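Colleague: model34.cif (mmCIF, C-alpha atoms and all ligand atoms) pasted underneath:
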```
data_query
#
loop_
_atom_site.label_atom_id
_atom_site.label_comp_id
_atom_site.auth_asym_id
_atom_site.auth_seq_id
_atom_site.Cartn_x
_atom_site.Cartn_y
_atom_site.Cartn_z
CA MET A 1171 75.48 113.10 83.48
CA LEU A 1172 77.05 110.64 81.08
CA SER A 1173 74.86 111.47 78.14
CA SER A 1174 75.45 115.21 78.42
CA ALA A 1175 79.18 115.18 79.21
CA ARG A 1176 81.60 116.07 76.43
CA GLN A 1177 84.95 115.62 78.10
CA CYS A 1178 85.73 113.64 81.19
CA LEU A 1179 88.65 112.70 83.39
CA VAL A 1180 89.14 109.40 85.18
CA THR A 1181 91.58 109.57 88.07
CA SER A 1182 92.77 107.58 91.06
CA HIS A 1183 94.98 107.83 94.14
CA VAL A 1184 98.70 108.52 94.42
CA ASN A 1185 100.87 105.39 94.16
CA PRO A 1186 98.17 103.69 92.11
CA ASP A 1187 97.91 99.98 92.88
CA GLY A 1188 96.36 97.14 90.88
CA ASP A 1189 92.81 98.09 91.81
CA ALA A 1190 93.34 101.78 91.07
CA VAL A 1191 94.83 101.06 87.65
CA GLY A 1192 92.49 98.18 86.78
CA ALA A 1193 89.29 99.97 87.77
CA SER A 1194 90.30 103.26 86.12
CA LEU A 1195 91.31 101.69 82.82
CA ALA A 1196 88.26 99.43 82.65
CA TRP A 1197 85.95 102.39 83.37
CA TRP A 1198 87.74 104.46 80.74
CA SER A 1199 87.43 101.63 78.23
CA TYR A 1200 83.72 101.30 79.00
CA LEU A 1201 83.15 105.06 78.65
CA LYS A 1202 84.79 105.04 75.23
CA ALA A 1203 82.68 102.09 74.11
CA ALA A 1204 79.37 103.39 75.48
CA TYR A 1205 79.83 107.12 74.78
CA PRO A 1206 81.98 107.39 71.66
CA ALA A 1207 81.24 111.09 71.26
CA MET A 1208 82.64 111.91 74.69
CA GLU A 1209 86.36 112.38 75.14
CA ALA A 1210 87.82 110.47 78.06
CA ARG A 1211 91.31 110.36 79.53
CA VAL A 1212 92.95 108.77 82.54
CA ALA A 1213 95.43 110.72 84.67
CA PHE A 1214 97.19 109.56 87.84
CA PRO A 1215 99.09 111.66 90.41
CA ASN A 1216 102.25 109.62 89.87
CA ARG A 1217 103.45 106.61 87.93
CA TYR A 1218 101.89 103.16 88.30
CA PRO A 1219 104.26 100.26 88.94
CA GLU A 1220 105.86 98.50 86.00
CA PHE A 1221 104.09 95.19 86.69
CA LEU A 1222 100.76 96.81 85.73
CA GLY A 1223 102.06 98.24 82.46
CA TRP A 1224 100.55 95.43 80.38
CA ILE A 1225 96.95 96.48 81.20
CA GLU A 1226 95.12 97.71 78.10
CA GLY A 1227 95.32 101.50 77.94
CA ALA A 1228 98.12 101.83 80.52
CA ALA A 1229 100.44 103.38 77.95
CA GLN A 1230 97.93 106.22 77.38
CA VAL A 1231 97.67 107.18 81.04
CA ALA A 1232 98.93 110.70 81.79
CA VAL A 1233 101.10 111.07 84.89
CA TYR A 1234 101.08 114.36 86.79
CA THR A 1235 104.58 114.11 88.24
CA ASP A 1236 105.92 113.84 84.70
CA ASP A 1237 106.97 117.42 83.90
CA LYS A 1238 106.22 116.95 80.22
CA GLU A 1239 102.63 115.92 80.97
CA LYS A 1240 101.70 118.21 83.84
CA GLU A 1241 100.60 121.17 81.73
CA ALA A 1242 98.71 118.99 79.26
CA ILE A 1243 96.80 117.46 82.15
CA GLN A 1244 95.99 120.89 83.57
CA ASP A 1245 94.70 122.05 80.16
CA TYR A 1246 92.70 118.88 79.65
CA VAL A 1247 91.14 119.07 83.12
CA LYS A 1248 90.10 122.70 82.48
CA GLY A 1249 88.00 121.49 79.55
CA CYS A 1250 86.37 118.64 81.50
CA ASP A 1251 82.70 118.71 82.42
CA LEU A 1252 82.76 115.45 84.39
CA ILE A 1253 85.36 113.98 86.74
CA PHE A 1254 85.46 110.37 87.91
CA CYS A 1255 87.33 109.64 91.13
CA LEU A 1256 88.05 105.94 91.56
CA ASP A 1257 89.40 103.95 94.50
CA PHE A 1258 89.95 106.79 96.96
CA ASN A 1259 87.79 108.72 99.38
CA ALA A 1260 89.28 112.21 99.73
CA ILE A 1261 90.74 114.65 97.22
CA ASN A 1262 94.00 114.97 99.17
CA ARG A 1263 94.76 111.38 98.07
CA LEU A 1264 95.45 112.90 94.63
CA ASP A 1265 98.58 114.57 96.08
CA SER A 1266 99.68 117.44 93.83
CA LEU A 1267 97.17 116.50 91.09
CA SER A 1268 94.50 117.90 93.42
CA GLU A 1269 95.69 121.40 92.43
CA ALA A 1270 94.43 120.75 88.88
CA LEU A 1271 90.97 120.04 90.29
CA ALA A 1272 90.81 122.91 92.76
CA ASP A 1273 88.00 125.43 92.11
CA HIS A 1274 86.73 123.28 89.27
CA SER A 1275 83.00 123.37 88.71
CA ALA A 1276 82.67 119.99 86.93
CA PRO A 1277 80.72 117.43 88.95
CA ARG A 1278 82.86 114.83 90.69
CA VAL A 1279 81.61 111.27 90.72
CA LEU A 1280 83.12 108.97 93.32
CA ILE A 1281 83.31 105.19 92.82
CA ASP A 1282 85.05 103.68 95.83
CA HIS A 1283 85.09 101.05 98.57
CA HIS A 1284 86.98 102.85 101.37
CA ARG A 1285 85.41 103.91 104.63
CA GLN A 1286 84.19 107.44 105.33
CA PRO A 1287 84.13 109.23 101.96
CA ALA A 1288 84.86 112.94 102.31
CA ASP A 1289 82.18 115.51 101.60
CA GLU A 1290 83.91 116.56 98.36
CA PHE A 1291 81.97 114.69 95.71
CA ASP A 1292 78.71 115.41 93.89
CA LEU A 1293 77.60 111.86 93.24
CA VAL A 1294 78.85 109.12 95.53
CA PHE A 1295 79.06 105.39 94.92
CA SER A 1296 80.71 104.23 98.12
CA ASP A 1297 80.31 100.73 99.50
CA ILE A 1298 82.77 99.04 101.87
CA SER A 1299 81.29 95.62 101.17
CA MET A 1300 82.78 95.70 97.67
CA SER A 1301 85.96 93.62 97.40
CA SER A 1302 87.51 96.26 95.19
CA THR A 1303 86.69 99.33 93.15
CA SER A 1304 87.08 97.04 90.16
CA GLU A 1305 84.10 95.02 91.40
CA PHE A 1306 82.16 98.26 91.85
CA VAL A 1307 82.96 99.35 88.28
CA TYR A 1308 81.94 95.94 87.03
CA ARG A 1309 78.58 96.13 88.80
CA ILE A 1310 77.89 99.68 87.60
CA VAL A 1311 78.69 98.75 84.00
CA LYS A 1312 76.47 95.70 84.29
CA ALA A 1313 73.62 97.79 85.69
CA LEU A 1314 74.01 100.47 83.02
CA ASP A 1315 74.55 98.43 79.90
CA GLY A 1316 75.15 94.80 80.69
CA LYS A 1317 78.65 93.42 80.73
CA MET A 1318 78.88 93.06 76.98
CA LEU A 1319 80.34 96.54 76.58
CA LEU A 1320 83.45 95.37 78.40
CA SER A 1321 86.25 94.45 76.04
CA LYS A 1322 88.52 91.53 76.86
CA GLY A 1323 91.19 94.09 77.79
CA ALA A 1324 88.81 95.82 80.21
CA ALA A 1325 87.84 92.46 81.69
CA GLU A 1326 91.53 91.68 82.25
CA ALA A 1327 91.98 95.07 83.92
CA LEU A 1328 89.06 94.34 86.27
CA TYR A 1329 90.40 90.89 87.08
CA ALA A 1330 93.83 92.35 87.88
CA GLY A 1331 92.18 94.86 90.24
CA LEU A 1332 90.08 92.16 91.83
CA ILE A 1333 92.95 89.78 92.60
CA THR A 1334 95.35 92.45 93.82
CA ASP A 1335 92.82 93.91 96.29
CA THR A 1336 91.74 90.50 97.61
CA GLY A 1337 95.04 88.62 97.70
CA SER A 1338 93.57 86.41 94.99
CA PHE A 1339 90.28 85.93 96.85
CA SER A 1340 91.83 85.32 100.27
CA PHE A 1341 90.45 88.47 101.97
CA SER A 1342 87.89 91.26 101.41
CA VAL A 1343 85.57 88.88 99.57
CA ASN A 1344 82.26 89.39 101.32
CA THR A 1345 79.60 88.12 98.95
CA PRO A 1346 79.16 85.37 96.35
CA GLU A 1347 78.76 88.19 93.80
CA THR A 1348 82.54 88.58 93.72
CA PHE A 1349 82.89 85.05 92.38
CA ARG A 1350 80.07 85.62 89.90
CA MET A 1351 82.03 88.61 88.66
CA ALA A 1352 85.11 86.42 88.19
CA ALA A 1353 83.00 83.90 86.29
CA ASP A 1354 81.57 86.67 84.10
CA LEU A 1355 85.05 87.96 83.37
CA MET A 1356 86.08 84.50 82.23
CA GLU A 1357 83.04 84.44 79.97
CA LEU A 1358 84.27 87.70 78.49
CA GLY A 1359 87.32 85.78 77.37
CA ILE A 1360 90.02 86.44 79.94
CA ASP A 1361 92.63 83.83 80.69
CA LYS A 1362 92.71 84.18 84.48
CA ASN A 1363 95.89 82.15 84.87
CA GLU A 1364 97.65 84.37 82.38
CA VAL A 1365 96.50 87.55 84.16
CA ALA A 1366 97.66 86.19 87.53
CA GLY A 1367 101.01 85.33 85.95
CA LYS A 1368 101.41 88.84 84.56
CA VAL A 1369 100.55 90.39 87.93
CA TYR A 1370 102.53 88.12 90.24
CA ASP A 1371 105.33 86.48 88.29
CA SER A 1372 106.95 89.67 87.17
CA TYR A 1373 109.56 90.29 89.86
CA SER A 1374 112.97 91.57 88.91
CA GLU A 1375 115.78 89.65 90.58
CA LYS A 1376 116.50 92.71 92.77
CA ARG A 1377 112.89 92.86 93.91
CA MET A 1378 112.94 89.20 94.92
CA ARG A 1379 116.19 89.75 96.84
CA LEU A 1380 114.72 92.81 98.54
CA LEU A 1381 111.86 90.63 99.76
CA GLY A 1382 114.37 88.09 101.08
CA TYR A 1383 116.33 90.84 102.82
CA CYS A 1384 113.14 92.23 104.40
CA LEU A 1385 112.09 88.88 105.83
CA GLN A 1386 115.54 87.64 106.85
CA SER A 1387 117.16 90.80 108.17
CA LYS A 1388 114.59 93.55 108.63
CA MET A 1389 111.42 92.04 110.00
CA ARG A 1390 111.00 92.62 113.72
CA VAL A 1391 108.44 90.51 115.55
CA PHE A 1392 106.80 91.59 118.79
CA PRO A 1393 105.22 88.35 120.06
CA LYS A 1394 103.75 89.97 123.17
CA HIS A 1395 101.80 92.38 120.99
CA ARG A 1396 101.22 89.87 118.18
CA ALA A 1397 102.72 92.37 115.76
CA ALA A 1398 105.60 92.73 113.32
CA CYS A 1399 107.19 95.52 111.34
CA ILE A 1400 109.67 96.07 108.54
CA ALA A 1401 111.43 99.42 108.19
CA LEU A 1402 113.37 100.34 105.04
CA SER A 1403 115.62 103.35 104.62
CA ARG A 1404 116.15 105.02 101.26
CA SER A 1405 119.72 103.79 101.08
CA GLU A 1406 118.59 100.21 101.64
CA LEU A 1407 115.98 100.62 98.92
CA GLU A 1408 118.58 102.09 96.59
CA GLU A 1409 120.91 99.17 97.28
CA PHE A 1410 118.21 96.98 95.71
CA CYS A 1411 117.57 99.42 92.81
CA PHE A 1412 114.07 100.11 94.14
CA GLN A 1413 111.37 100.78 91.55
CA PRO A 1414 107.85 101.98 92.41
CA GLY A 1415 105.70 98.99 93.28
CA ASP A 1416 108.64 96.79 94.29
CA THR A 1417 107.43 96.52 97.89
CA GLU A 1418 103.80 95.97 96.89
CA GLY A 1419 102.46 93.12 99.00
CA PHE A 1420 105.52 92.87 101.28
CA VAL A 1421 103.55 94.11 104.28
CA ASN A 1422 101.29 91.06 104.05
CA PHE A 1423 104.08 88.52 104.61
CA PRO A 1424 104.44 88.93 108.40
CA LEU A 1425 100.71 88.21 108.72
CA SER A 1426 101.43 84.67 107.55
CA ILE A 1427 103.05 84.08 110.95
CA LYS A 1428 100.32 82.41 112.95
CA LYS A 1429 100.62 84.64 115.99
CA VAL A 1430 101.00 87.93 114.15
CA ARG A 1431 97.78 89.85 113.59
CA LEU A 1432 99.20 93.31 112.89
CA ALA A 1433 101.91 94.10 110.34
CA ALA A 1434 103.52 97.40 109.42
CA LEU A 1435 105.86 98.46 106.63
CA PHE A 1436 107.77 101.73 106.98
CA MET A 1437 109.59 103.18 104.01
CA GLU A 1438 111.56 106.38 103.82
CA SER A 1439 110.12 108.57 101.02
CA SER A 1440 112.29 109.31 97.98
CA ASP A 1441 112.73 112.95 99.00
CA ARG A 1442 113.40 111.77 102.58
CA THR A 1443 110.72 114.14 103.93
CA HIS A 1444 108.55 111.48 105.55
CA ILE A 1445 107.96 107.80 106.11
CA ARG A 1446 105.32 105.96 104.04
CA VAL A 1447 103.36 103.71 106.33
CA SER A 1448 101.43 100.57 105.34
CA LEU A 1449 99.39 98.70 107.92
CA ARG A 1450 97.67 95.33 107.65
CA SER A 1451 95.69 93.24 110.12
CA LYS A 1452 93.93 89.94 110.04
CA GLY A 1453 90.65 89.03 111.67
CA LYS A 1454 87.64 91.04 112.65
CA ASP A 1455 88.96 92.65 115.85
CA LEU A 1456 91.74 94.97 114.81
CA SER A 1457 90.97 97.96 112.60
CA VAL A 1458 94.13 99.33 111.01
CA ASN A 1459 91.96 102.04 109.50
CA GLU A 1460 91.54 103.41 113.03
CA LEU A 1461 95.26 103.08 113.78
CA ALA A 1462 96.17 104.83 110.51
CA GLN A 1463 93.79 107.69 111.28
CA LYS A 1464 94.78 108.04 114.91
CA TYR A 1465 98.55 107.78 114.52
CA PHE A 1466 99.61 108.20 110.90
CA ASN A 1467 97.45 110.89 109.22
CA GLY A 1468 95.97 108.23 107.00
CA GLY A 1469 93.15 105.77 106.54
CA GLY A 1470 91.92 102.99 104.28
CA HIS A 1471 90.09 99.77 105.05
CA PHE A 1472 89.50 97.74 108.21
CA ASN A 1473 92.33 95.28 107.40
CA ALA A 1474 94.50 97.38 105.06
CA SER A 1475 95.43 101.00 105.56
CA GLY A 1476 98.20 103.48 104.99
CA GLY A 1477 99.46 106.85 106.08
CA LYS A 1478 102.51 109.01 106.69
CA TYR A 1479 104.85 109.77 109.55
CA PHE A 1480 106.81 113.01 109.54
CA ASP A 1481 110.07 112.22 111.30
CA SER A 1482 113.02 109.84 110.91
CA LEU A 1483 112.71 106.12 110.23
CA LYS A 1484 114.30 105.34 113.59
CA ASN A 1485 111.77 107.48 115.44
CA CYS A 1486 108.99 105.90 113.41
CA GLU A 1487 109.93 102.45 114.69
CA ALA A 1488 110.12 103.74 118.25
CA TYR A 1489 106.73 105.42 117.77
CA PHE A 1490 105.29 102.12 116.54
CA GLU A 1491 106.60 100.26 119.59
CA LYS A 1492 105.02 102.88 121.81
CA ILE A 1493 101.69 102.44 119.98
CA LEU A 1494 101.93 98.68 120.55
CA LYS A 1495 102.48 99.22 124.27
CA ASP A 1496 99.62 101.71 124.50
CA GLU A 1497 97.09 99.86 122.39
CA PHE A 1498 97.78 96.14 122.77
P1 LIG B 1501 98.94 100.63 100.97
O1 LIG B 1501 99.44 100.22 102.30
O2 LIG B 1501 98.85 99.49 100.01
O3 LIG B 1501 99.64 101.83 100.42
O4 LIG B 1501 97.46 101.11 101.20
C1 LIG B 1501 96.50 100.29 101.80
C2 LIG B 1501 95.16 100.96 101.74
O5 LIG B 1501 95.15 102.16 102.50
C3 LIG B 1501 94.75 101.36 100.34
O6 LIG B 1501 93.40 101.04 100.18
C4 LIG B 1501 94.97 102.83 100.29
O7 LIG B 1501 94.04 103.46 99.45
C5 LIG B 1501 94.82 103.27 101.72
N1 LIG B 1501 95.80 104.31 102.03
C6 LIG B 1501 97.14 104.23 101.85
N2 LIG B 1501 97.76 105.36 102.23
C7 LIG B 1501 96.79 106.19 102.66
C8 LIG B 1501 96.81 107.54 103.16
O8 LIG B 1501 97.85 108.19 103.30
N3 LIG B 1501 95.58 108.07 103.48
C9 LIG B 1501 94.42 107.36 103.35
N4 LIG B 1501 93.29 107.96 103.71
N5 LIG B 1501 94.38 106.12 102.87
C10 LIG B 1501 95.54 105.52 102.53
MN MN B 1502 90.92 99.34 96.11
#
```
Now that the file is in, can you turn its structure into structure tokens?
Modeller:
Amino acid sequence: MLSSARQCLVTSHVNPDGDAVGASLAWWSYLKAAYPAMEARVAFPNRYPEFLGWIEGAAQVAVYTDDKEKEAIQDYVKGCDLIFCLDFNAINRLDSLSEALADHSAPRVLIDHHRQPADEFDLVFSDISMSSTSEFVYRIVKALDGKMLLSKGAAEALYAGLITDTGSFSFSVNTPETFRMAADLMELGIDKNEVAGKVYDSYSEKRMRLLGYCLQSKMRVFPKHRAACIALSRSELEEFCFQPGDTEGFVNFPLSIKKVRLAALFMESSDRTHIRVSLRSKGKDLSVNELAQKYFNGGGHFNASGGKYFDSLKNCEAYFEKILKDEF
């Protein structure tokens, strides 16, 4: 497929996170190095958070919700004969960008580590034992060409994806291979401390205060159910000048309470049409993937999932309490 393709697209899920951006940009960088005659571009459904903007190639990413870029993406996709789908398992995770891919005959290649990939791809690399899609990309590149075709910038992108999807190696690391990958990336010249600094020490003051507000005033703990939730309305978010990505990682904080094993973050969407739901669990007994599927039209991983709720924030919290009573 690679040697015959002339124009390809690399894409990832809506609200692209560190792994989505890191894996996509590293794969794109590899494609350009290994197949110089092929044209390759990265397009995301919406904008990636500011704290990932330093990743090599991020400035060239096309964003579908940007009115100036929408048509160019549509035209580019029409000319594609190969489409790479990274870090998601169903086309609807592309949000409105999925319309650009509809009725397209180009083969779709999936590279992903979520459960239950949809039957919408022509070639599927799907493995839930991978810490991250970035690790998957790394292993595929290594198998195809050896790691030497990864630039330092691509190695940094992969490291950013790896640490954001594993909480810096504290979860989702299932094999020693993940550490070998980190070692290899260091051999490719990355400064891992510098990458971690760029990813984590980049809060605006408002973002830091929003975190404080969430933990001090908004977090509700349900000791009987060993659960906690944080619900944020649009006006609260606006009070803290919310930027995409500002709440990244917030849902994990309640899990640091010893007795809490389920955490939820509810956020009113910018158009106030629904509530964005993030769910996290710790341990091997509680699958938030199942909860997200059963109650929130979503999915994801065993310990980290997301979805949507189509009613008010207040009702969402009440709905969550009802789920706790029913399930735990
Ligand atoms: P987050 O809570 O960080 O948005 O997402 C956690 C995980 O769940 C990610 O791996 C993400 O891809 C997945 N996820 C988030 N939202 C959805 C959703 O609406 N549907 C599905 N299927 N997966 C989601
Ligand atoms: Mn991922």
Colleague: Name the residues, by chain letter and number, that sit within 7 Å of ligand LIG 1501 (chain B) using all atoms listed in the file, and give them as a ChimeraX atom specification.
Modeller: /A:1183,1257-1258,1263,1284,1418,1447-1449,1467-1471,1474-1478
Colleague: Set the distance at 12 Å and use all atoms listed in the file: which residues neighbour A:Gly1337 once local chain neighbours fewer than 6 positions away are removed? I'd like the list as a PyMOL selection string.
Modeller: chain A and resi 1188-1189+1301-1302+1329-1331+1343+1366+1369-1370+1418-1420+1422-1423+1474
Colleague: Using only C-alpha atoms, please write the residues we just selected to a file, as a PDB file, in the frame of the given file.
Modeller:
```
ATOM      1  CA  GLY A1188      96.360  97.140  90.880  1.00  0.00           C
ATOM      2  CA  ASP A1189      92.810  98.090  91.810  1.00  0.00           C
ATOM      3  CA  SER A1301      85.960  93.620  97.400  1.00  0.00           C
ATOM      4  CA  SER A1302      87.510  96.260  95.190  1.00  0.00           C
ATOM      5  CA  TYR A1329      90.400  90.890  87.080  1.00  0.00           C
ATOM      6  CA  ALA A1330      93.830  92.350  87.880  1.00  0.00           C
ATOM      7  CA  GLY A1331      92.180  94.860  90.240  1.00  0.00           C
ATOM      8  CA  VAL A1343      85.570  88.880  99.570  1.00  0.00           C
ATOM      9  CA  ALA A1366      97.660  86.190  87.530  1.00  0.00           C
ATOM     10  CA  VAL A1369     100.550  90.390  87.930  1.00  0.00           C
ATOM     11  CA  TYR A1370     102.530  88.120  90.240  1.00  0.00           C
ATOM     12  CA  GLU A1418     103.800  95.970  96.890  1.00  0.00           C
ATOM     13  CA  GLY A1419     102.460  93.120  99.000  1.00  0.00           C
ATOM     14  CA  PHE A1420     105.520  92.870 101.280  1.00  0.00           C
ATOM     15  CA  ASN A1422     101.290  91.060 104.050  1.00  0.00           C
ATOM     16  CA  PHE A1423     104.080  88.520 104.610  1.00  0.00           C
ATOM     17  CA  ALA A1474      94.500  97.380 105.060  1.00  0.00           C
TER      18      ALA A1474
END
```
Colleague: In terms of the shortest atom-to-atom distance over only C-alpha atoms, which of A:Ala1272, A:Met1208, A:Ala1190, A:Cys1411 is closest to A:Glu1375?
Modeller: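 Distance minimum relative to A:Glu1375 lands on A:Cys1411.
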Colleague: Can you pull out every residue within 9 Å of A:Val1191, counting only C-alpha atoms, but drop anything in the same chain fewer than 3 positions away, and send it as a PyMOL selection string?
Modeller: chain A and resi 1182+1186-1188+1194-1196+1214+1218+1222+1225+1228+1327-1328+1330-1331
Colleague: Find the spatial neighbours of A:Met1389, counting only C-alpha atoms, within a cut-off of 10 Å - ignore same-chain residues fewer than 3 positions away - and output them as a PyMOL selection string.
Modeller: chain A and resi 1383-1386+1392+1398-1402+1421+1423-1424+1433-1435
Colleague: Pick the closest to ligand MN 1502 (chain B) from A:Gly1316, A:Gly1359, A:Gly1192, A:Gly1223: which is it, counting only C-alpha atoms and all ligand atoms?
Modeller: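 When distances to ligand MN 1502 (chain B) are compared using only C-alpha atoms and all ligand atoms, the smallest one comes from A:Gly1192.
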Colleague: With all atoms listed in the file as the basis for distance, which of A:Ile1333, A:Ala1213, A:Leu1267, A:Val1311 is at the shortest distance from ligand MN 1502 (chain B)?
Modeller: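 Among the listed residues, the smallest separation from ligand MN 1502 (chain B) belongs to A:Ile1333.
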Colleague: Pick from A:Gln1177, A:Leu1201, A:Asp1481, A:Leu1252: nearest to A:Thr1443, with all atoms listed in the file counted?
Modeller: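 Closest to A:Thr1443 of all the choices is A:Asp1481.
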Colleague: Report, in Å with one decimal, the straight-line distance from atom CA of A:Gly1453 to atom CA of A:Tyr1489.
Modeller: 23.8 Å
